[in-house]
Amino acid sequence: MATTTLSFDAVPSVLADIVQKLEVMEQKLDALNLLPEKETGDTWLSLKDLCNYLPSHPSEQTVYGWTSTRFIPYHKQGKRIAFLKSEIDEWLRNGKRKSVADLAREAQEFVSSKKKPRF
């Protein structure tokens, strides 16, 4: 990348060029996000789309809490969070609650693995 010394008088035109290039980049990114599902293989969900998609229809604040504790899979795009529909579907499928017997068995296995040998 070539370095160029700029004068104070050139700053407005340089900033205008930067803004124009950012707008072009933003348009290209928006076009990528709007690709049909069959082309990308998956669908991106916004926060509002996710709230409507989930069976319990949680509030946006609840979903923000889930993302801050990494309870739900998400992706950060700049300042926005986005969700892949396939990852959300997998998360919902894996969200099956364990029975009391399953929990007791796992607890016993954990305790057994942590016992220290006596000498």
# chains A, B, ... in the order shown; residues from 1 in each chain; ligands from 1

call {"tool": "select_by_dssp", "arguments": {"residues": "chain A", "states": "strand (DSSP E or B)", "output": "JSON, numbers by chain"}}
result
{"A": [44, 45, 75, 76, 77, 80, 81, 82, 83, 84]}

call {"tool": "select_by_dssp", "arguments": {"residues": "chain A", "states": "helix (DSSP H, G or I)", "output": "JSON, numbers by chain"}}
result
{"A": [8, 9, 10, 11, 12, 13, 14, 15, 16, 17, 18, 19, 20, 21, 22, 23, 24, 25, 26, 27, 28, 29, 30, 31, 32, 33, 37, 38, 39, 40, 47, 48, 49, 50, 51, 52, 53, 60, 61, 62, 63, 64, 65, 66, 67, 68, 85, 86, 87, 88, 89, 90, 91, 92, 93, 100, 101, 102, 103, 104, 105, 106, 107, 108, 109, 110, 111, 112, 113, 114]}

call {"tool": "residues_around", "arguments": {"residues": "region 65-82 of chain A", "least_positions_apart": "3", "cutoff": "6 Å", "atoms": "only C-alpha atoms", "output": "PyMOL selection string"}}
result
chain A and resi 45-46+62

call {"tool": "decode", "arguments": {"residues": "region 58-72 of chain A", "atoms": "N, CA, C and O atoms", "output": "tab-separated table (two decimals), in the first residue's frame"}}
result
chain	number	residue	atom	x	y	z
A	58	PRO	N	-39.52	-15.42	22.45
A	58	PRO	CA	-38.92	-14.64	23.55
A	58	PRO	C	-38.77	-13.18	23.15
A	58	PRO	O	-38.79	-12.83	21.96
A	59	SER	N	-38.59	-12.33	24.15
A	59	SER	CA	-38.36	-10.91	23.86
A	59	SER	C	-36.92	-10.73	23.37
A	59	SER	O	-36.07	-11.61	23.56
A	60	GLU	N	-36.67	-9.60	22.74
A	60	GLU	CA	-35.32	-9.33	22.25
A	60	GLU	C	-34.33	-9.27	23.40
A	60	GLU	O	-33.20	-9.73	23.28
A	61	GLN	N	-34.75	-8.70	24.52
A	61	GLN	CA	-33.86	-8.60	25.68
A	61	GLN	C	-33.47	-9.99	26.19
A	61	GLN	O	-32.33	-10.21	26.59
A	62	THR	N	-34.40	-10.94	26.15
A	62	THR	CA	-34.10	-12.31	26.56
A	62	THR	C	-33.04	-12.92	25.66
A	62	THR	O	-32.08	-13.54	26.13
A	63	VAL	N	-33.18	-12.71	24.35
A	63	VAL	CA	-32.21	-13.26	23.40
A	63	VAL	C	-30.85	-12.61	23.61
A	63	VAL	O	-29.82	-13.28	23.55
A	64	TYR	N	-30.82	-11.30	23.87
A	64	TYR	CA	-29.54	-10.64	24.17
A	64	TYR	C	-28.88	-11.29	25.39
A	64	TYR	O	-27.67	-11.49	25.43
A	65	GLY	N	-29.68	-11.61	26.39
A	65	GLY	CA	-29.14	-12.29	27.57
A	65	GLY	C	-28.57	-13.65	27.23
A	65	GLY	O	-27.51	-14.05	27.73
A	66	TRP	N	-29.27	-14.37	26.36
A	66	TRP	CA	-28.78	-15.69	25.92
A	66	TRP	C	-27.45	-15.56	25.19
A	66	TRP	O	-26.55	-16.39	25.36
A	67	THR	N	-27.31	-14.53	24.35
A	67	THR	CA	-26.06	-14.38	23.60
A	67	THR	C	-24.92	-13.98	24.52
A	67	THR	O	-23.79	-14.41	24.32
A	68	SER	N	-25.21	-13.17	25.53
A	68	SER	CA	-24.13	-12.73	26.43
A	68	SER	C	-23.60	-13.88	27.28
A	68	SER	O	-22.44	-13.88	27.68
A	69	THR	N	-24.44	-14.89	27.53
A	69	THR	CA	-23.99	-16.07	28.28
A	69	THR	C	-23.64	-17.23	27.35
A	69	THR	O	-23.37	-18.32	27.81
A	70	ARG	N	-23.66	-16.96	26.03
A	70	ARG	CA	-23.36	-17.97	25.00
A	70	ARG	C	-24.27	-19.20	25.12
A	70	ARG	O	-23.86	-20.32	24.87
A	71	PHE	N	-25.51	-18.96	25.51
A	71	PHE	CA	-26.50	-20.02	25.63
A	71	PHE	C	-27.04	-20.42	24.26
A	71	PHE	O	-27.42	-21.57	24.05
A	72	ILE	N	-27.06	-19.49	23.32
A	72	ILE	CA	-27.61	-19.71	21.99
A	72	ILE	C	-26.52	-19.41	20.96
A	72	ILE	O	-25.71	-18.50	21.17
